file upload.txt (compact mmCIF, C-alpha atoms and all ligand atoms)
# COMPACT_ATOMS: atom_id res chain seq x y z
CA MET A 268 145.22 28.93 -22.36
CA ALA A 269 145.88 26.08 -24.76
CA GLN A 270 145.22 22.58 -23.52
CA LEU A 271 145.86 19.14 -24.85
CA SER A 272 142.99 17.63 -26.81
CA PRO A 273 140.68 15.49 -24.66
CA LEU A 274 141.56 12.73 -27.14
CA LEU A 275 144.94 12.53 -25.46
CA LYS A 276 143.63 10.78 -22.39
CA GLN A 277 146.28 8.30 -21.33
CA ALA A 278 145.66 4.81 -20.07
CA THR A 279 147.75 5.82 -17.06
CA PRO A 280 147.91 9.41 -15.83
CA VAL A 281 151.67 9.55 -15.40
CA VAL A 282 153.77 12.53 -16.48
CA VAL A 283 157.16 11.13 -17.35
CA ASP A 284 160.34 13.03 -16.65
CA HIS A 285 162.85 10.54 -17.99
CA GLY A 286 163.39 6.92 -18.87
CA GLU A 287 166.23 4.52 -18.29
CA GLY A 288 166.24 0.90 -19.42
CA VAL A 289 163.05 -0.77 -18.26
CA TYR A 290 162.05 2.12 -15.98
CA LEU A 291 160.22 5.38 -16.42
CA TYR A 292 160.57 8.09 -13.75
CA ASP A 293 157.71 10.55 -13.36
CA VAL A 294 157.91 14.23 -12.47
CA ASP A 295 157.33 13.39 -8.79
CA GLY A 296 160.34 11.07 -8.78
CA LYS A 297 158.32 7.84 -8.69
CA ARG A 298 159.78 4.87 -10.57
CA HIS A 299 157.57 2.78 -12.87
CA LEU A 300 158.37 -0.61 -14.33
CA ASP A 301 157.51 -0.05 -17.99
CA PHE A 302 156.00 -3.23 -19.37
CA THR A 303 154.50 -1.32 -22.29
CA ALA A 304 157.78 -0.09 -23.82
CA GLY A 305 155.58 2.23 -25.85
CA ILE A 306 154.04 -0.92 -27.40
CA GLY A 307 157.45 -2.39 -28.02
CA VAL A 308 158.95 0.75 -29.53
CA THR A 309 161.72 1.15 -26.99
CA SER A 310 163.17 -2.22 -27.92
CA THR A 311 166.63 -1.52 -26.48
CA GLY A 312 165.15 0.11 -23.38
CA HIS A 313 164.62 3.77 -22.66
CA CYS A 314 167.57 5.91 -23.69
CA HIS A 315 170.05 3.12 -24.33
CA PRO A 316 173.44 4.91 -24.13
CA ARG A 317 174.60 3.64 -27.53
CA VAL A 318 171.38 4.69 -29.26
CA VAL A 319 171.45 8.09 -27.56
CA GLU A 320 175.07 8.61 -28.52
CA ALA A 321 174.49 7.63 -32.15
CA ALA A 322 171.56 10.03 -32.42
CA ARG A 323 173.44 12.82 -30.65
CA GLU A 324 176.40 12.47 -32.98
CA GLN A 325 174.17 12.41 -36.06
CA ILE A 326 172.25 15.53 -35.01
CA GLY A 327 175.47 17.53 -35.14
CA LYS A 328 176.21 16.29 -38.66
CA LEU A 329 172.97 16.10 -40.60
CA VAL A 330 169.35 16.01 -39.46
CA HIS A 331 167.46 15.98 -42.72
CA GLY A 332 168.44 14.97 -46.19
CA GLN A 333 165.39 14.08 -48.22
CA TYR A 334 166.21 10.95 -50.10
CA THR A 335 164.18 11.93 -53.11
CA THR A 336 166.77 14.72 -53.55
CA VAL A 337 170.03 13.54 -51.94
CA MET A 338 171.16 10.29 -50.36
CA HIS A 339 172.84 10.20 -46.97
CA GLN A 340 175.25 7.86 -45.28
CA PRO A 341 173.02 6.60 -42.38
CA LEU A 342 170.33 5.57 -44.87
CA LEU A 343 172.82 3.56 -46.94
CA GLU A 344 174.39 2.00 -43.85
CA LEU A 345 171.01 1.08 -42.36
CA THR A 346 169.95 -0.51 -45.63
CA ARG A 347 173.13 -2.58 -45.72
CA LYS A 348 172.60 -3.71 -42.14
CA LEU A 349 168.93 -4.56 -42.63
CA GLY A 350 170.01 -6.69 -45.58
CA GLU A 351 171.80 -8.94 -43.07
CA VAL A 352 168.62 -9.68 -41.11
CA LEU A 353 165.83 -9.55 -43.70
CA PRO A 354 164.49 -12.75 -45.28
CA SER A 355 166.49 -13.79 -48.33
CA GLY A 356 165.60 -12.00 -51.53
CA LEU A 357 163.92 -9.08 -49.75
CA ASP A 358 166.80 -6.81 -50.53
CA SER A 359 165.06 -3.68 -51.69
CA LEU A 360 164.00 -1.18 -49.04
CA PHE A 361 161.90 1.90 -48.86
CA TYR A 362 161.47 4.12 -45.77
CA ALA A 363 158.70 6.14 -44.15
CA ASN A 364 157.95 7.42 -40.64
CA SER A 365 155.21 5.30 -39.13
CA GLY A 366 153.80 1.81 -39.30
CA SER A 367 150.63 3.12 -40.95
CA GLU A 368 152.63 4.72 -43.72
CA ALA A 369 154.52 1.48 -44.32
CA VAL A 370 151.15 -0.28 -44.64
CA GLU A 371 149.97 2.33 -47.14
CA ALA A 372 153.21 2.03 -49.10
CA ALA A 373 152.77 -1.74 -49.32
CA LEU A 374 149.15 -1.35 -50.34
CA ARG A 375 150.12 1.00 -53.16
CA LEU A 376 152.89 -1.35 -54.24
CA ALA A 377 150.61 -4.40 -54.16
CA ARG A 378 147.89 -2.76 -56.24
CA GLN A 379 150.33 -1.24 -58.73
CA ALA A 380 152.39 -4.41 -59.12
CA THR A 381 149.48 -6.84 -59.52
CA LYS A 382 147.00 -4.42 -61.10
CA ARG A 383 144.37 -6.03 -58.86
CA PRO A 384 142.00 -4.05 -56.62
CA ASN A 385 141.45 -6.14 -53.49
CA VAL A 386 143.36 -7.01 -50.35
CA ILE A 387 142.47 -9.66 -47.82
CA VAL A 388 143.14 -8.94 -44.15
CA PHE A 389 142.53 -11.11 -41.09
CA GLN A 390 140.03 -10.73 -38.28
CA GLY A 391 141.58 -8.93 -35.31
CA GLY A 392 144.43 -7.47 -37.34
CA PHE A 393 145.69 -3.96 -36.71
CA HIS A 394 147.48 -2.05 -39.45
CA GLY A 395 147.17 1.59 -38.39
CA ARG A 396 145.00 4.67 -38.20
CA THR A 397 145.41 6.41 -41.54
CA VAL A 398 142.16 5.88 -43.40
CA ALA A 399 143.43 3.12 -45.69
CA ALA A 400 145.20 1.33 -42.82
CA ALA A 401 142.13 1.77 -40.59
CA SER A 402 140.01 0.26 -43.37
CA MET A 403 142.24 -2.81 -43.09
CA THR A 404 141.99 -2.95 -39.29
CA THR A 405 139.51 -5.07 -37.35
CA SER A 406 141.05 -5.22 -33.89
CA GLY A 407 138.36 -3.01 -32.37
CA THR A 408 135.41 -0.95 -33.56
CA ARG A 409 136.97 2.35 -32.51
CA PHE A 410 139.57 2.41 -35.28
CA SER A 411 137.07 2.79 -38.10
CA ALA A 412 134.16 4.36 -36.16
CA GLY A 413 132.75 7.52 -37.72
CA ILE A 414 135.16 7.71 -40.66
CA SER A 415 133.13 5.99 -43.37
CA PRO A 416 133.26 5.59 -46.27
CA LEU A 417 136.22 3.33 -45.65
CA MET A 418 138.53 2.31 -48.47
CA SER A 419 136.90 -0.22 -50.74
CA GLY A 420 138.45 -3.50 -51.84
CA VAL A 421 139.20 -4.81 -48.34
CA HIS A 422 137.89 -8.25 -47.36
CA VAL A 423 138.27 -9.86 -43.97
CA ALA A 424 139.05 -13.55 -43.45
CA PRO A 425 139.20 -15.30 -40.05
CA PHE A 426 142.44 -15.56 -38.10
CA PRO A 427 143.06 -18.89 -36.33
CA TYR A 428 142.27 -17.45 -32.89
CA ALA A 429 141.56 -20.84 -31.32
CA TYR A 430 140.64 -19.59 -27.84
CA HIS A 431 138.13 -17.12 -29.25
CA TYR A 432 136.35 -19.82 -31.23
CA GLY A 433 136.60 -22.33 -28.39
CA TRP A 434 138.39 -24.82 -30.65
CA ASP A 435 141.80 -26.40 -30.78
CA GLU A 436 144.44 -24.82 -33.02
CA GLU A 437 144.01 -27.36 -35.80
CA THR A 438 140.25 -26.91 -36.05
CA ALA A 439 140.59 -23.11 -35.95
CA THR A 440 143.22 -23.23 -38.71
CA LYS A 441 141.16 -25.47 -40.98
CA PHE A 442 138.16 -23.22 -40.46
CA ALA A 443 140.15 -20.06 -41.22
CA LEU A 444 141.58 -21.48 -44.46
CA ARG A 445 138.19 -22.84 -45.54
CA GLU A 446 136.62 -19.43 -45.01
CA LEU A 447 139.43 -17.82 -46.98
CA ASP A 448 138.64 -20.11 -49.92
CA TYR A 449 135.01 -19.17 -49.52
CA LEU A 450 135.96 -15.48 -49.79
CA PHE A 451 137.72 -16.32 -53.05
CA GLN A 452 134.49 -17.79 -54.37
CA THR A 453 132.29 -14.95 -53.20
CA VAL A 454 133.62 -11.42 -52.71
CA SER A 455 137.26 -11.48 -53.83
CA ALA A 456 138.22 -13.81 -56.67
CA PRO A 457 141.91 -14.75 -56.56
CA ASN A 458 142.63 -12.86 -59.78
CA GLU A 459 141.20 -9.73 -58.18
CA THR A 460 143.20 -10.13 -54.98
CA ALA A 461 146.47 -8.21 -54.83
CA ALA A 462 147.71 -9.23 -51.38
CA PHE A 463 147.19 -10.79 -48.00
CA PHE A 464 148.14 -8.45 -45.17
CA ILE A 465 148.75 -10.29 -41.93
CA GLU A 466 150.51 -9.89 -38.58
CA PRO A 467 152.46 -13.01 -37.57
CA VAL A 468 151.12 -12.43 -34.06
CA LEU A 469 147.96 -10.38 -33.67
CA GLY A 470 149.16 -7.38 -31.67
CA GLU A 471 146.37 -4.93 -30.93
CA GLY A 472 144.01 -7.85 -31.57
CA GLY A 473 145.05 -9.63 -28.36
CA TYR A 474 148.54 -11.16 -28.69
CA VAL A 475 147.45 -14.21 -30.63
CA PRO A 476 150.22 -16.09 -32.45
CA SER A 477 149.51 -17.46 -35.90
CA ASN A 478 150.80 -20.95 -36.69
CA THR A 479 152.90 -22.81 -39.23
CA GLU A 480 150.04 -24.62 -40.93
CA PHE A 481 148.05 -21.44 -41.41
CA MET A 482 151.01 -19.55 -42.82
CA ALA A 483 151.77 -22.48 -45.15
CA GLY A 484 148.14 -22.32 -46.31
CA LEU A 485 148.49 -18.62 -47.10
CA ARG A 486 151.83 -19.11 -48.86
CA GLU A 487 150.44 -21.91 -51.00
CA ARG A 488 147.40 -19.84 -52.04
CA ALA A 489 149.59 -16.79 -52.66
CA ASP A 490 151.87 -18.81 -54.95
CA ARG A 491 149.02 -20.50 -56.76
CA HIS A 492 147.22 -17.25 -57.54
CA GLY A 493 149.99 -14.66 -57.77
CA ILE A 494 148.86 -12.93 -54.58
CA LEU A 495 151.47 -11.11 -52.47
CA LEU A 496 152.00 -12.20 -48.88
CA VAL A 497 152.64 -9.03 -46.87
CA LEU A 498 153.75 -9.62 -43.30
CA ASP A 499 153.18 -6.72 -40.95
CA GLU A 500 156.10 -7.10 -38.54
CA VAL A 501 155.59 -3.63 -37.06
CA GLN A 502 154.88 -4.98 -33.57
CA ALA A 503 156.39 -8.48 -33.75
CA GLY A 504 159.70 -7.74 -35.49
CA PHE A 505 163.21 -6.99 -34.22
CA GLY A 506 163.51 -9.77 -31.67
CA ARG A 507 160.29 -9.09 -29.82
CA THR A 508 159.02 -12.67 -30.14
CA GLY A 509 162.30 -14.36 -29.21
CA LYS A 510 163.26 -14.83 -32.87
CA PHE A 511 164.33 -11.97 -35.08
CA TRP A 512 161.05 -11.89 -37.03
CA GLY A 513 157.68 -12.97 -35.77
CA HIS A 514 157.25 -15.08 -38.90
CA ASP A 515 160.51 -16.96 -38.15
CA HIS A 516 158.37 -19.07 -35.81
CA PHE A 517 156.21 -20.22 -38.69
CA ASP A 518 158.66 -21.18 -41.41
CA VAL A 519 157.13 -18.93 -44.05
CA HIS A 520 158.75 -16.75 -46.69
CA PRO A 521 157.01 -13.40 -47.21
CA ASP A 522 156.93 -11.26 -50.35
CA VAL A 523 156.88 -8.02 -48.39
CA VAL A 524 157.85 -7.23 -44.80
CA LEU A 525 156.72 -4.09 -42.97
CA ILE A 526 158.92 -2.69 -40.21
CA ALA A 527 158.63 0.14 -37.66
CA LYS A 528 158.42 0.42 -33.84
CA GLY A 529 161.40 -1.55 -32.45
CA LEU A 530 163.48 -0.66 -35.50
CA ALA A 531 164.78 2.65 -34.14
CA SER A 532 164.22 2.42 -30.36
CA GLY A 533 161.58 5.15 -30.39
CA PHE A 534 162.79 7.44 -33.17
CA PRO A 535 160.15 7.68 -35.91
CA LEU A 536 161.13 5.36 -38.73
CA SER A 537 159.40 2.65 -40.72
CA GLY A 538 160.06 0.76 -43.88
CA ILE A 539 158.97 -1.83 -46.35
CA ALA A 540 161.19 -4.54 -47.75
CA ALA A 541 160.57 -6.55 -50.94
CA SER A 542 162.51 -8.02 -53.82
CA GLU A 543 163.98 -5.54 -56.25
CA GLU A 544 161.86 -7.03 -59.01
CA LEU A 545 158.66 -6.38 -57.08
CA MET A 546 159.71 -2.95 -55.84
CA ALA A 547 160.49 -1.90 -59.43
CA LYS A 548 156.79 -2.29 -60.23
CA ALA A 549 155.81 0.67 -58.03
CA TYR A 550 154.93 3.71 -60.10
CA PRO A 551 157.66 6.37 -59.94
CA GLY A 552 156.74 9.31 -57.72
CA SER A 553 153.84 7.53 -56.03
CA GLN A 554 155.82 6.67 -52.91
CA GLY A 555 157.66 8.91 -50.45
CA GLY A 556 157.23 11.87 -48.15
CA THR A 557 159.14 14.71 -46.58
CA TYR A 558 160.53 12.95 -43.52
CA GLY A 559 160.95 9.34 -44.60
CA GLY A 560 164.37 7.92 -43.76
CA ASN A 561 165.34 10.79 -41.46
CA ALA A 562 169.10 10.76 -40.85
CA VAL A 563 168.87 10.84 -37.03
CA SER A 564 166.28 8.05 -37.00
CA CYS A 565 168.49 6.00 -39.31
CA ALA A 566 171.50 6.52 -37.01
CA ALA A 567 169.38 5.40 -34.06
CA ALA A 568 168.22 2.34 -36.03
CA ILE A 569 171.79 1.37 -36.90
CA ALA A 570 172.72 1.56 -33.20
CA THR A 571 169.58 -0.40 -32.31
CA LEU A 572 170.53 -3.25 -34.64
CA ASP A 573 174.04 -3.28 -33.15
CA VAL A 574 172.70 -3.38 -29.60
CA ILE A 575 170.23 -6.16 -30.43
CA LYS A 576 173.13 -8.22 -31.78
CA ASP A 577 175.85 -7.33 -29.27
CA GLU A 578 173.65 -7.75 -26.20
CA GLY A 579 171.95 -10.92 -27.42
CA LEU A 580 168.52 -9.32 -27.11
CA VAL A 581 166.74 -11.83 -29.33
CA GLU A 582 167.90 -14.65 -27.06
CA ASN A 583 167.05 -12.57 -24.01
CA ALA A 584 163.53 -11.99 -25.34
CA ALA A 585 163.13 -15.77 -25.75
CA GLU A 586 164.36 -16.58 -22.23
CA ARG A 587 162.67 -13.76 -20.39
CA GLY A 588 159.56 -14.37 -22.48
CA ARG A 589 159.42 -17.97 -21.26
CA GLN A 590 159.81 -16.79 -17.66
CA LEU A 591 157.07 -14.19 -18.13
CA LEU A 592 154.67 -16.58 -19.84
CA GLU A 593 155.17 -19.31 -17.24
CA GLY A 594 154.73 -16.84 -14.38
CA ALA A 595 151.63 -15.31 -15.92
CA ARG A 596 150.20 -18.82 -16.44
CA LEU A 597 150.76 -19.75 -12.79
CA ILE A 598 148.85 -16.65 -11.76
CA ALA A 599 146.08 -17.50 -14.23
CA ASP A 600 145.79 -21.06 -12.90
CA LYS A 601 144.54 -19.64 -9.60
CA THR A 602 142.20 -17.16 -11.27
CA PRO A 603 138.87 -18.22 -12.80
CA ALA A 604 138.47 -14.74 -14.36
CA ILE A 605 141.46 -15.42 -16.63
CA GLY A 606 140.49 -17.53 -19.61
CA ASP A 607 143.78 -17.71 -21.48
CA VAL A 608 147.42 -16.66 -21.29
CA ARG A 609 149.43 -16.78 -24.51
CA GLY A 610 152.23 -15.16 -26.40
CA LEU A 611 155.61 -15.49 -28.02
CA GLY A 612 158.76 -14.08 -26.46
CA LEU A 613 158.17 -10.73 -24.85
CA LEU A 614 154.64 -10.43 -26.17
CA VAL A 615 152.49 -11.93 -23.44
CA GLY A 616 148.72 -11.49 -23.18
CA THR A 617 146.34 -12.40 -20.35
CA GLU A 618 142.72 -12.63 -21.49
CA PHE A 619 139.96 -11.94 -18.97
CA THR A 620 136.60 -13.64 -19.42
CA THR A 621 133.39 -13.74 -17.39
CA ALA A 622 132.04 -16.97 -15.90
CA ASP A 623 130.02 -17.59 -19.08
CA GLY A 624 133.00 -17.02 -21.33
CA GLU A 625 132.23 -13.46 -22.45
CA PRO A 626 135.04 -10.90 -22.78
CA ASP A 627 135.58 -9.20 -19.39
CA THR A 628 136.71 -5.71 -20.31
CA ALA A 629 135.99 -4.20 -16.90
CA THR A 630 138.26 -6.58 -14.98
CA ALA A 631 141.09 -6.25 -17.51
CA GLN A 632 140.95 -2.48 -17.24
CA ALA A 633 140.70 -2.54 -13.46
CA ALA A 634 143.78 -4.79 -13.35
CA GLN A 635 145.71 -2.52 -15.69
CA GLN A 636 144.87 0.52 -13.58
CA ALA A 637 145.66 -1.21 -10.28
CA ALA A 638 149.01 -2.34 -11.69
CA ALA A 639 149.84 1.24 -12.64
CA LYS A 640 149.15 2.36 -9.06
CA SER A 641 151.59 -0.32 -7.90
CA GLY A 642 154.32 0.90 -10.24
CA LEU A 643 153.81 -1.53 -13.14
CA LEU A 644 152.76 0.00 -16.44
CA LEU A 645 150.70 -2.27 -18.70
CA LEU A 646 148.31 -1.86 -21.61
CA THR A 647 145.19 -3.65 -22.69
CA CYS A 648 144.52 -5.00 -26.17
CA GLY A 649 142.06 -7.32 -27.92
CA ALA A 650 138.95 -6.44 -29.88
CA TYR A 651 137.11 -6.04 -26.56
CA SER A 652 140.09 -4.55 -24.67
CA ASN A 653 139.88 -7.53 -22.33
CA VAL A 654 143.47 -8.70 -22.76
CA VAL A 655 146.23 -7.25 -20.58
CA ARG A 656 149.52 -7.28 -22.45
CA MET A 657 153.07 -7.33 -21.23
CA VAL A 658 155.60 -6.04 -23.72
CA PRO A 659 158.70 -4.86 -21.82
CA PRO A 660 161.88 -3.59 -23.47
CA LEU A 661 164.03 -6.46 -24.80
CA VAL A 662 166.73 -5.62 -22.23
CA VAL A 663 164.52 -6.69 -19.32
CA ASN A 664 166.31 -8.97 -16.83
CA ALA A 665 165.11 -11.93 -14.73
CA GLU A 666 164.75 -9.87 -11.56
CA GLN A 667 162.64 -7.25 -13.31
CA VAL A 668 160.39 -9.97 -14.74
CA ASP A 669 160.01 -11.39 -11.21
CA ASP A 670 159.17 -7.92 -9.87
CA ALA A 671 156.53 -7.46 -12.54
CA LEU A 672 155.04 -10.91 -11.89
CA ARG A 673 154.90 -10.25 -8.14
CA ILE A 674 153.00 -7.02 -8.68
CA TRP A 675 150.79 -8.67 -11.30
CA GLY A 676 149.95 -11.57 -8.98
CA ASP A 677 148.91 -9.17 -6.19
CA VAL A 678 146.90 -7.03 -8.56
CA VAL A 679 145.03 -9.99 -10.05
CA THR A 680 144.21 -11.27 -6.55
CA SER A 681 142.95 -7.89 -5.39
CA VAL A 682 140.92 -7.16 -8.51
CA THR A 683 139.33 -10.59 -8.97
CA GLY A 684 139.19 -11.60 -5.31
CA SER A 685 140.67 -15.02 -6.17
N1 LIG B 701 150.89 -2.41 -37.75
C1 LIG B 701 150.97 -2.97 -36.53
C2 LIG B 701 151.07 -4.46 -36.41
C3 LIG B 701 150.97 -2.18 -35.38
O1 LIG B 701 151.02 -2.75 -34.17
C4 LIG B 701 150.89 -0.78 -35.52
C5 LIG B 701 150.90 0.13 -34.31
N2 LIG B 701 150.33 -0.35 -33.15
C6 LIG B 701 150.80 -0.24 -36.81
C7 LIG B 701 150.82 -1.08 -37.91
C8 LIG B 701 150.69 1.23 -37.04
O2 LIG B 701 151.86 1.89 -36.68
P1 LIG B 701 151.88 3.46 -36.39
O3 LIG B 701 151.14 3.70 -35.12
O4 LIG B 701 153.34 3.77 -36.29
O5 LIG B 701 151.26 4.12 -37.55

call {"tool": "encode", "arguments": {"input": "upload.txt", "output": "structure tokens"}}
result
Amino acid sequence: MAQLSPLLKQATPVVVDHGEGVYLYDVDGKRHLDFTAGIGVTSTGHCHPRVVEAAREQIGKLVHGQYTTVMHQPLLELTRKLGEVLPSGLDSLFYANSGSEAVEAALRLARQATKRPNVIVFQGGFHGRTVAAASMTTSGTRFSAGISPLMSGVHVAPFPYAYHYGWDEETATKFALRELDYLFQTVSAPNETAAFFIEPVLGEGGYVPSNTEFMAGLRERADRHGILLVLDEVQAGFGRTGKFWGHDHFDVHPDVVLIAKGLASGFPLSGIAASEELMAKAYPGSQGGTYGGNAVSCAAAIATLDVIKDEGLVENAAERGRQLLEGARLIADKTPAIGDVRGLGLLVGTEFTTADGEPDTATAQAAQQAAAKSGLLLLTCGAYSNVVRMVPPLVVNAEQVDDALRIWGDVVTSVTGS
């Protein structure tokens, strides 16, 4: 009898029957408050009626029209709509299926356009699991373990993760920019560097927001040396942080934006956006794949964008995010085992540390598992998996945030004994 690979061991052994809004219902009829939202994928909540209807209608019309052969209406409409929300000048789009593929597409574009070999990524960043994307990922050892040789030409600069260094934000930022300049003088000269790839908020790396000064430092260096600034908005985009784009918090203009996850409420779809001038430098035929820009996924994405706008989900993420962050901080204040609580909008991370300041993976995991038993689904993140993250659908309401905080408070007390 066939069985699922042992690799498919879930963080929480729940078999889901169906989802609705912020809730998942398992096969035994138990209701779970889903504060993972599939890592932010179900932005509009599970099975939002408008997204479901749009997909259902599209399935009866056209499922697949490969855009390297024929164009289809949902792809054109989605492109028009994304043009309304993308940073100015980034009006040329290209679609794929997953975040990792969007990263690879941007990597190809950056190398082809600049004719330079190297990319600089930032400590704790996550860009995916395909081999090139994994080579650019440093948010945990498991992503690149056992797959060497990794792609060459990747250099890692520090991210201003102030708590991790034990410094204030300003010191961490100065350090990170100084080290970046040092990289330029040692392993990756500016005229050999094609692009910076950075998440505006480290996602898998522990929900660590960047900052305006750091982003300005990257922008200035990118401009000075002709390096492309690629912002990986796969986890932070589409309202998740309480602004439409994660980088909207930091007043920076990117050259390339990568999108996926929240874009289509769970249907597989990703994309990269750049100026037409830059996009035209990609070599013909080097980009694309069978399923990129699937018509049903595009229809779901169009409905997702409408729902985000019509239901004020960006504003909701900001308000509910504040409530969640404040509540999580109150719980942390009573808990010596919690070293830091941080986030932006509905990306909130609680970092567990031991008495001597070391990452406390065991307590974070125990808390995540205890929460699941109490009906609250959470995930861990961080290079040491010692950060518990809360990333509910953007439709979450005040009462549901209160419910989650109540469960979280009880769980933290029971697990840490504080
Ligand atoms: N970039 C970021 C910032 C992500 O969070 C992820 C997924 N966690 C990816 C890229 C990769 O996306 P996918 O799993 O769809 O390949």

call {"tool": "atom_distance", "arguments": {"input": "upload.txt", "atom1": "atom CA of A:Lys548", "atom2": "atom CA of A:Ala373"}}
result
11.6 Å

call {"tool": "closest_residue", "arguments": {"input": "upload.txt", "among": "A:Ala562, A:Leu495, A:Ala527, A:Leu374", "to": "A:Pro457", "atoms": "all atoms listed in the file"}}
result
A:Leu495

call {"tool": "residues_around", "arguments": {"input": "upload.txt", "residues": "A:Lys510", "least_positions_apart": "6", "cutoff": "8 Å", "atoms": "only C-alpha atoms", "output": "VMD selection string"}}
result
chain A and resid 516 581 to 582 585 612

call {"tool": "atom_distance", "arguments": {"input": "upload.txt", "atom1": "atom CA of A:Gly288", "atom2": "atom CA of A:His313"}}
result
4.6 Å

call {"tool": "closest_atom_pairs", "arguments": {"input": "upload.txt", "of": "chain A", "to": "ligand LIG 701 (chain B)", "cutoff": "6 Å", "atoms": "only C-alpha atoms and all ligand atoms", "output": "JSON lines"}}
result
{"residue": "A:Ser365", "atom": "CA", "partner": "B:LIG701", "partner_atom": "O4", "distance": 3.7}
{"residue": "A:Gly366", "atom": "CA", "partner": "B:LIG701", "partner_atom": "O2", "distance": 3.3}
{"residue": "A:Ser367", "atom": "CA", "partner": "B:LIG701", "partner_atom": "O5", "distance": 3.6}
{"residue": "A:Phe393", "atom": "CA", "partner": "B:LIG701", "partner_atom": "C1", "distance": 5.4}
{"residue": "A:His394", "atom": "CA", "partner": "B:LIG701", "partner_atom": "C7", "distance": 3.8}
{"residue": "A:Gly395", "atom": "CA", "partner": "B:LIG701", "partner_atom": "C8", "distance": 3.8}
{"residue": "A:Glu466", "atom": "CA", "partner": "B:LIG701", "partner_atom": "C2", "distance": 5.9}
{"residue": "A:Gly470", "atom": "CA", "partner": "B:LIG701", "partner_atom": "O1", "distance": 5.6}
{"residue": "A:Asp499", "atom": "CA", "partner": "B:LIG701", "partner_atom": "C2", "distance": 5.5}
{"residue": "A:Val501", "atom": "CA", "partner": "B:LIG701", "partner_atom": "C2", "distance": 4.6}
{"residue": "A:Gln502", "atom": "CA", "partner": "B:LIG701", "partner_atom": "O1", "distance": 4.5}

call {"tool": "atom_distance", "arguments": {"input": "upload.txt", "atom1": "atom CA of A:Tyr558", "atom2": "atom CA of A:Tyr362"}}
result
9.2 Å

call {"tool": "closest_residue", "arguments": {"input": "upload.txt", "among": "A:Ala483, A:Leu545, A:Val468, A:Ala461", "to": "A:Lys441", "atoms": "only C-alpha atoms"}}
result
A:Ala483

call {"tool": "residues_around", "arguments": {"input": "upload.txt", "residues": "A:Phe464", "least_positions_apart": "5", "cutoff": "12 Å", "atoms": "all atoms listed in the file", "output": "mmCIF file with C-alpha atoms, in the coordinates of the input"}}
result
data_model
loop_
_atom_site.group_PDB
_atom_site.id
_atom_site.type_symbol
_atom_site.label_atom_id
_atom_site.label_comp_id
_atom_site.auth_asym_id
_atom_site.auth_seq_id
_atom_site.Cartn_x
_atom_site.Cartn_y
_atom_site.Cartn_z
ATOM 1 C CA ALA A 369 154.520 1.480 -44.320
ATOM 2 C CA VAL A 370 151.150 -0.280 -44.640
ATOM 3 C CA GLU A 371 149.970 2.330 -47.140
ATOM 4 C CA ALA A 373 152.770 -1.740 -49.320
ATOM 5 C CA LEU A 374 149.150 -1.350 -50.340
ATOM 6 C CA ALA A 377 150.610 -4.400 -54.160
ATOM 7 C CA ASN A 385 141.450 -6.140 -53.490
ATOM 8 C CA VAL A 386 143.360 -7.010 -50.350
ATOM 9 C CA ILE A 387 142.470 -9.660 -47.820
ATOM 10 C CA VAL A 388 143.140 -8.940 -44.150
ATOM 11 C CA PHE A 389 142.530 -11.110 -41.090
ATOM 12 C CA GLN A 390 140.030 -10.730 -38.280
ATOM 13 C CA GLY A 391 141.580 -8.930 -35.310
ATOM 14 C CA GLY A 392 144.430 -7.470 -37.340
ATOM 15 C CA PHE A 393 145.690 -3.960 -36.710
ATOM 16 C CA HIS A 394 147.480 -2.050 -39.450
ATOM 17 C CA ALA A 400 145.200 1.330 -42.820
ATOM 18 C CA MET A 403 142.240 -2.810 -43.090
ATOM 19 C CA THR A 404 141.990 -2.950 -39.290
ATOM 20 C CA VAL A 421 139.200 -4.810 -48.340
ATOM 21 C CA HIS A 422 137.890 -8.250 -47.360
ATOM 22 C CA VAL A 423 138.270 -9.860 -43.970
ATOM 23 C CA ALA A 424 139.050 -13.550 -43.450
ATOM 24 C CA PHE A 426 142.440 -15.560 -38.100
ATOM 25 C CA LEU A 469 147.960 -10.380 -33.670
ATOM 26 C CA MET A 482 151.010 -19.550 -42.820
ATOM 27 C CA LEU A 485 148.490 -18.620 -47.100
ATOM 28 C CA ARG A 486 151.830 -19.110 -48.860
ATOM 29 C CA ALA A 489 149.590 -16.790 -52.660
ATOM 30 C CA ILE A 494 148.860 -12.930 -54.580
ATOM 31 C CA LEU A 495 151.470 -11.110 -52.470
ATOM 32 C CA LEU A 496 152.000 -12.200 -48.880
ATOM 33 C CA VAL A 497 152.640 -9.030 -46.870
ATOM 34 C CA LEU A 498 153.750 -9.620 -43.300
ATOM 35 C CA ASP A 499 153.180 -6.720 -40.950
ATOM 36 C CA GLU A 500 156.100 -7.100 -38.540
ATOM 37 C CA PRO A 521 157.010 -13.400 -47.210
ATOM 38 C CA ASP A 522 156.930 -11.260 -50.350
ATOM 39 C CA VAL A 523 156.880 -8.020 -48.390
ATOM 40 C CA VAL A 524 157.850 -7.230 -44.800
ATOM 41 C CA LEU A 525 156.720 -4.090 -42.970
#

call {"tool": "residues_near_point", "arguments": {"input": "upload.txt", "point": "(169.4, 7.4, -20.3)", "cutoff": "12 Å", "atoms": "all atoms listed in the file", "output": "ChimeraX atom specification"}}
result
/A:284-292,309,311-320

call {"tool": "residues_around", "arguments": {"input": "upload.txt", "residues": "A:Gly649", "least_positions_apart": "5", "cutoff": "10 Å", "atoms": "only C-alpha atoms", "output": "ChimeraX atom specification"}}
result
/A:391-392,406-407,469-475,616,618,626,628,654-656

call {"tool": "residues_around", "arguments": {"input": "upload.txt", "residues": "A:Glu593", "least_positions_apart": "5", "cutoff": "12 Å", "atoms": "only C-alpha atoms", "output": "list of chain:residue names"}}
result
A:Glu586, A:Arg587, A:Gly588, A:Ile598, A:Ala599, A:Asp600, A:Val608, A:Arg609, A:Gly610, A:Leu611, A:Gly612, A:Leu613, A:Val615, A:Gly616, A:Thr617, A:Val668, A:Asp669, A:Leu672
